[in-house]
Amino acid sequence: MILINGIPATKELVTIFSMVKGATLENPIKTKDLKRATGLSERTIRNAIQDLRFNYSVPVGSLRDGANNGYYFIRNQDDLIATIAPIRAQAKKELNVINKLKDNLKNWNDER
């Protein structure tokens with residue numbers, strides 16, 4: 001039985017974990033490389049990353065933009081900030097969309 005953080009894991013999840021653990025903010029592991037190593041789809045890999053984060057408590061960081069995108073093991077505060085900043089910005093944008101849609105509906109209904 002293979003364990004990650006004391007919890008049983010599949011061979012594919014262990015492969016993803018190992019590759020991410022060896023990656024850094026400066027040299028993240030790309031999804032295409034994870035796909036090649038595991039044979040899993042991009043969606044399944046994203047789900048595995050979420051599984052590592054939420055069920056195995058692994059600090060997996062990610063970079064979404066630019067040529068240096070991919071996953072890495074968060075080792076310090078700077079690594080954490082690099083992951084959190086774009087997620088926080090996206091969350092703010094999504095909240096703005098929600099608020100705007102509520103206003104639009106209210107204004108639309110008021111005019112009718």
# chains A, B, ... in the order shown; residues from 1 in each chain; ligands from 1

call {"tool": "closest_atom_pairs", "arguments": {"of": "region 32-82 of chain A", "to": "region 1-22 of chain A", "cutoff": "7 Å", "atoms": "only C-alpha atoms", "output": "Markdown table"}}
result
| residue | atom | partner | partner_atom | distance |
| --- | --- | --- | --- | --- |
| A:Leu34 | CA | A:Ile16 | CA | 6.4 |
| A:Thr38 | CA | A:Glu12 | CA | 5.6 |
| A:Ala48 | CA | A:Leu13 | CA | 6.5 |
| A:Tyr56 | CA | A:Asn5 | CA | 6.2 |
| A:Tyr71 | CA | A:Val20 | CA | 6.1 |
| A:Tyr72 | CA | A:Val20 | CA | 5.0 |
| A:Phe73 | CA | A:Lys21 | CA | 5.0 |

call {"tool": "write_last_selection", "arguments": {"atoms": "N, CA, C and O atoms", "output": "mmCIF file, in the first residue's frame"}}
result
data_model
loop_
_atom_site.group_PDB
_atom_site.id
_atom_site.type_symbol
_atom_site.label_atom_id
_atom_site.label_comp_id
_atom_site.auth_asym_id
_atom_site.auth_seq_id
_atom_site.Cartn_x
_atom_site.Cartn_y
_atom_site.Cartn_z
ATOM 1 N N LEU A 34 2.576 15.803 -16.475
ATOM 2 C CA LEU A 34 1.811 14.936 -15.571
ATOM 3 C C LEU A 34 0.952 13.967 -16.383
ATOM 4 O O LEU A 34 0.838 12.791 -16.034
ATOM 5 N N THR A 38 1.330 9.857 -16.217
ATOM 6 C CA THR A 38 0.247 9.087 -15.601
ATOM 7 C C THR A 38 -0.741 8.486 -16.592
ATOM 8 O O THR A 38 -1.452 7.544 -16.253
ATOM 9 N N ALA A 48 -7.063 15.444 -9.214
ATOM 10 C CA ALA A 48 -6.045 14.841 -8.346
ATOM 11 C C ALA A 48 -5.314 15.916 -7.543
ATOM 12 O O ALA A 48 -5.019 15.722 -6.356
ATOM 13 N N TYR A 56 -5.346 15.219 1.280
ATOM 14 C CA TYR A 56 -4.025 14.788 1.742
ATOM 15 C C TYR A 56 -3.233 15.932 2.395
ATOM 16 O O TYR A 56 -2.106 15.729 2.826
ATOM 17 N N TYR A 71 2.420 23.309 -11.766
ATOM 18 C CA TYR A 71 2.241 23.028 -10.342
ATOM 19 C C TYR A 71 3.592 22.900 -9.658
ATOM 20 O O TYR A 71 4.572 22.501 -10.284
ATOM 21 N N TYR A 72 3.621 23.232 -8.382
ATOM 22 C CA TYR A 72 4.851 23.133 -7.603
ATOM 23 C C TYR A 72 4.517 22.925 -6.132
ATOM 24 O O TYR A 72 3.373 23.139 -5.698
ATOM 25 N N PHE A 73 5.516 22.512 -5.374
ATOM 26 C CA PHE A 73 5.363 22.297 -3.942
ATOM 27 C C PHE A 73 5.652 23.618 -3.228
ATOM 28 O O PHE A 73 6.724 24.202 -3.411
#

call {"tool": "select_by_dssp", "arguments": {"residues": "chain A", "states": "helix (DSSP H, G or I)", "output": "ChimeraX atom specification"}}
result
/A:11-21,31-38,42-54,77-111

call {"tool": "closest_residue", "arguments": {"among": "A:Lys102, A:Thr44, A:Ala85, A:Asn76", "to": "Arg64 (chain A)", "atoms": "only C-alpha atoms"}}
result
A:Ala85

call {"tool": "select_by_dssp", "arguments": {"residues": "chain A", "states": "strand (DSSP E or B)", "output": "PyMOL selection string"}}
result
chain A and resi 3-4+7-8+29+60-63+70-73

call {"tool": "closest_residue", "arguments": {"among": "A:Glu42, A:Asp51, A:Asp103, A:Glu26", "to": "Leu63 (chain A)", "atoms": "only C-alpha atoms"}}
result
A:Glu26

call {"tool": "closest_residue", "arguments": {"among": "A:Ile45, A:Leu52, A:Val60, A:Leu40", "to": "Ile84 (chain A)", "atoms": "only C-alpha atoms"}}
result
A:Val60

call {"tool": "atom_distance", "arguments": {"atom1": "CA of Thr31 (chain A)", "atom2": "CA of Gly61 (chain A)"}}
result
12.9 Å

call {"tool": "atom_distance", "arguments": {"atom1": "CA of Lys32 (chain A)", "atom2": "CA of Gly66 (chain A)"}}
result
15.1 Å

call {"tool": "closest_residue", "arguments": {"among": "A:Ile98, A:Ala37, A:Val58, A:Ala89", "to": "Ile74 (chain A)", "atoms": "only C-alpha atoms"}}
result
A:Val58

call {"tool": "atom_distance", "arguments": {"atom1": "CA of Asn68 (chain A)", "atom2": "CA of Asn55 (chain A)"}}
result
26.7 Å

call {"tool": "decode", "arguments": {"residues": "region 68-92 of chain A", "atoms": "N, CA and C atoms", "output": "mmCIF file, in the first residue's frame"}}
result
data_model
loop_
_atom_site.group_PDB
_atom_site.id
_atom_site.type_symbol
_atom_site.label_atom_id
_atom_site.label_comp_id
_atom_site.auth_asym_id
_atom_site.auth_seq_id
_atom_site.Cartn_x
_atom_site.Cartn_y
_atom_site.Cartn_z
ATOM 1 N N ASN A 68 5.542 30.070 -17.813
ATOM 2 C CA ASN A 68 6.034 29.336 -16.637
ATOM 3 C C ASN A 68 4.874 28.789 -15.808
ATOM 4 N N ASN A 69 3.820 28.293 -16.465
ATOM 5 C CA ASN A 69 2.664 27.778 -15.720
ATOM 6 C C ASN A 69 2.892 26.336 -15.293
ATOM 7 N N GLY A 70 2.148 25.916 -14.298
ATOM 8 C CA GLY A 70 2.251 24.548 -13.825
ATOM 9 C C GLY A 70 2.060 24.456 -12.323
ATOM 10 N N TYR A 71 2.420 23.309 -11.766
ATOM 11 C CA TYR A 71 2.241 23.028 -10.342
ATOM 12 C C TYR A 71 3.592 22.900 -9.658
ATOM 13 N N TYR A 72 3.621 23.232 -8.382
ATOM 14 C CA TYR A 72 4.851 23.133 -7.603
ATOM 15 C C TYR A 72 4.517 22.925 -6.132
ATOM 16 N N PHE A 73 5.516 22.512 -5.374
ATOM 17 C CA PHE A 73 5.363 22.297 -3.942
ATOM 18 C C PHE A 73 5.652 23.618 -3.228
ATOM 19 N N ILE A 74 4.688 24.111 -2.457
ATOM 20 C CA ILE A 74 4.863 25.378 -1.738
ATOM 21 C C ILE A 74 5.819 25.134 -0.567
ATOM 22 N N ARG A 75 6.949 25.844 -0.587
ATOM 23 C CA ARG A 75 7.975 25.660 0.432
ATOM 24 C C ARG A 75 8.113 26.835 1.390
ATOM 25 N N ASN A 76 7.590 28.013 0.989
ATOM 26 C CA ASN A 76 7.747 29.204 1.829
ATOM 27 C C ASN A 76 6.640 30.211 1.528
ATOM 28 N N GLN A 77 6.679 31.319 2.231
ATOM 29 C CA GLN A 77 5.644 32.355 2.110
ATOM 30 C C GLN A 77 5.586 32.941 0.697
ATOM 31 N N ASP A 78 6.731 33.137 0.055
ATOM 32 C CA ASP A 78 6.736 33.683 -1.307
ATOM 33 C C ASP A 78 6.040 32.743 -2.287
ATOM 34 N N ASP A 79 6.285 31.443 -2.129
ATOM 35 C CA ASP A 79 5.598 30.449 -2.974
ATOM 36 C C ASP A 79 4.089 30.517 -2.754
ATOM 37 N N LEU A 80 3.693 30.656 -1.492
ATOM 38 C CA LEU A 80 2.273 30.724 -1.152
ATOM 39 C C LEU A 80 1.625 31.953 -1.775
ATOM 40 N N ILE A 81 2.272 33.096 -1.646
ATOM 41 C CA ILE A 81 1.733 34.346 -2.201
ATOM 42 C C ILE A 81 1.591 34.250 -3.718
ATOM 43 N N ALA A 82 2.557 33.612 -4.373
ATOM 44 C CA ALA A 82 2.497 33.463 -5.836
ATOM 45 C C ALA A 82 1.263 32.679 -6.269
ATOM 46 N N THR A 83 0.823 31.749 -5.442
ATOM 47 C CA THR A 83 -0.382 30.973 -5.751
ATOM 48 C C THR A 83 -1.645 31.724 -5.360
ATOM 49 N N ILE A 84 -1.629 32.340 -4.194
ATOM 50 C CA ILE A 84 -2.839 32.980 -3.658
ATOM 51 C C ILE A 84 -3.248 34.231 -4.426
ATOM 52 N N ALA A 85 -2.292 35.061 -4.824
ATOM 53 C CA ALA A 85 -2.613 36.357 -5.443
ATOM 54 C C ALA A 85 -3.541 36.228 -6.656
ATOM 55 N N PRO A 86 -3.241 35.373 -7.639
ATOM 56 C CA PRO A 86 -4.161 35.289 -8.783
ATOM 57 C C PRO A 86 -5.512 34.666 -8.428
ATOM 58 N N ILE A 87 -5.529 33.758 -7.461
ATOM 59 C CA ILE A 87 -6.801 33.156 -7.042
ATOM 60 C C ILE A 87 -7.675 34.219 -6.380
ATOM 61 N N ARG A 88 -7.057 35.026 -5.521
ATOM 62 C CA ARG A 88 -7.794 36.104 -4.850
ATOM 63 C C ARG A 88 -8.324 37.115 -5.868
ATOM 64 N N ALA A 89 -7.507 37.480 -6.850
ATOM 65 C CA ALA A 89 -7.937 38.425 -7.886
ATOM 66 C C ALA A 89 -9.109 37.856 -8.676
ATOM 67 N N GLN A 90 -9.048 36.569 -9.027
ATOM 68 C CA GLN A 90 -10.146 35.930 -9.753
ATOM 69 C C GLN A 90 -11.419 35.899 -8.911
ATOM 70 N N ALA A 91 -11.274 35.613 -7.623
ATOM 71 C CA ALA A 91 -12.443 35.583 -6.730
ATOM 72 C C ALA A 91 -13.104 36.960 -6.663
ATOM 73 N N LYS A 92 -12.302 38.017 -6.609
ATOM 74 C CA LYS A 92 -12.857 39.380 -6.584
ATOM 75 C C LYS A 92 -13.611 39.689 -7.874
#
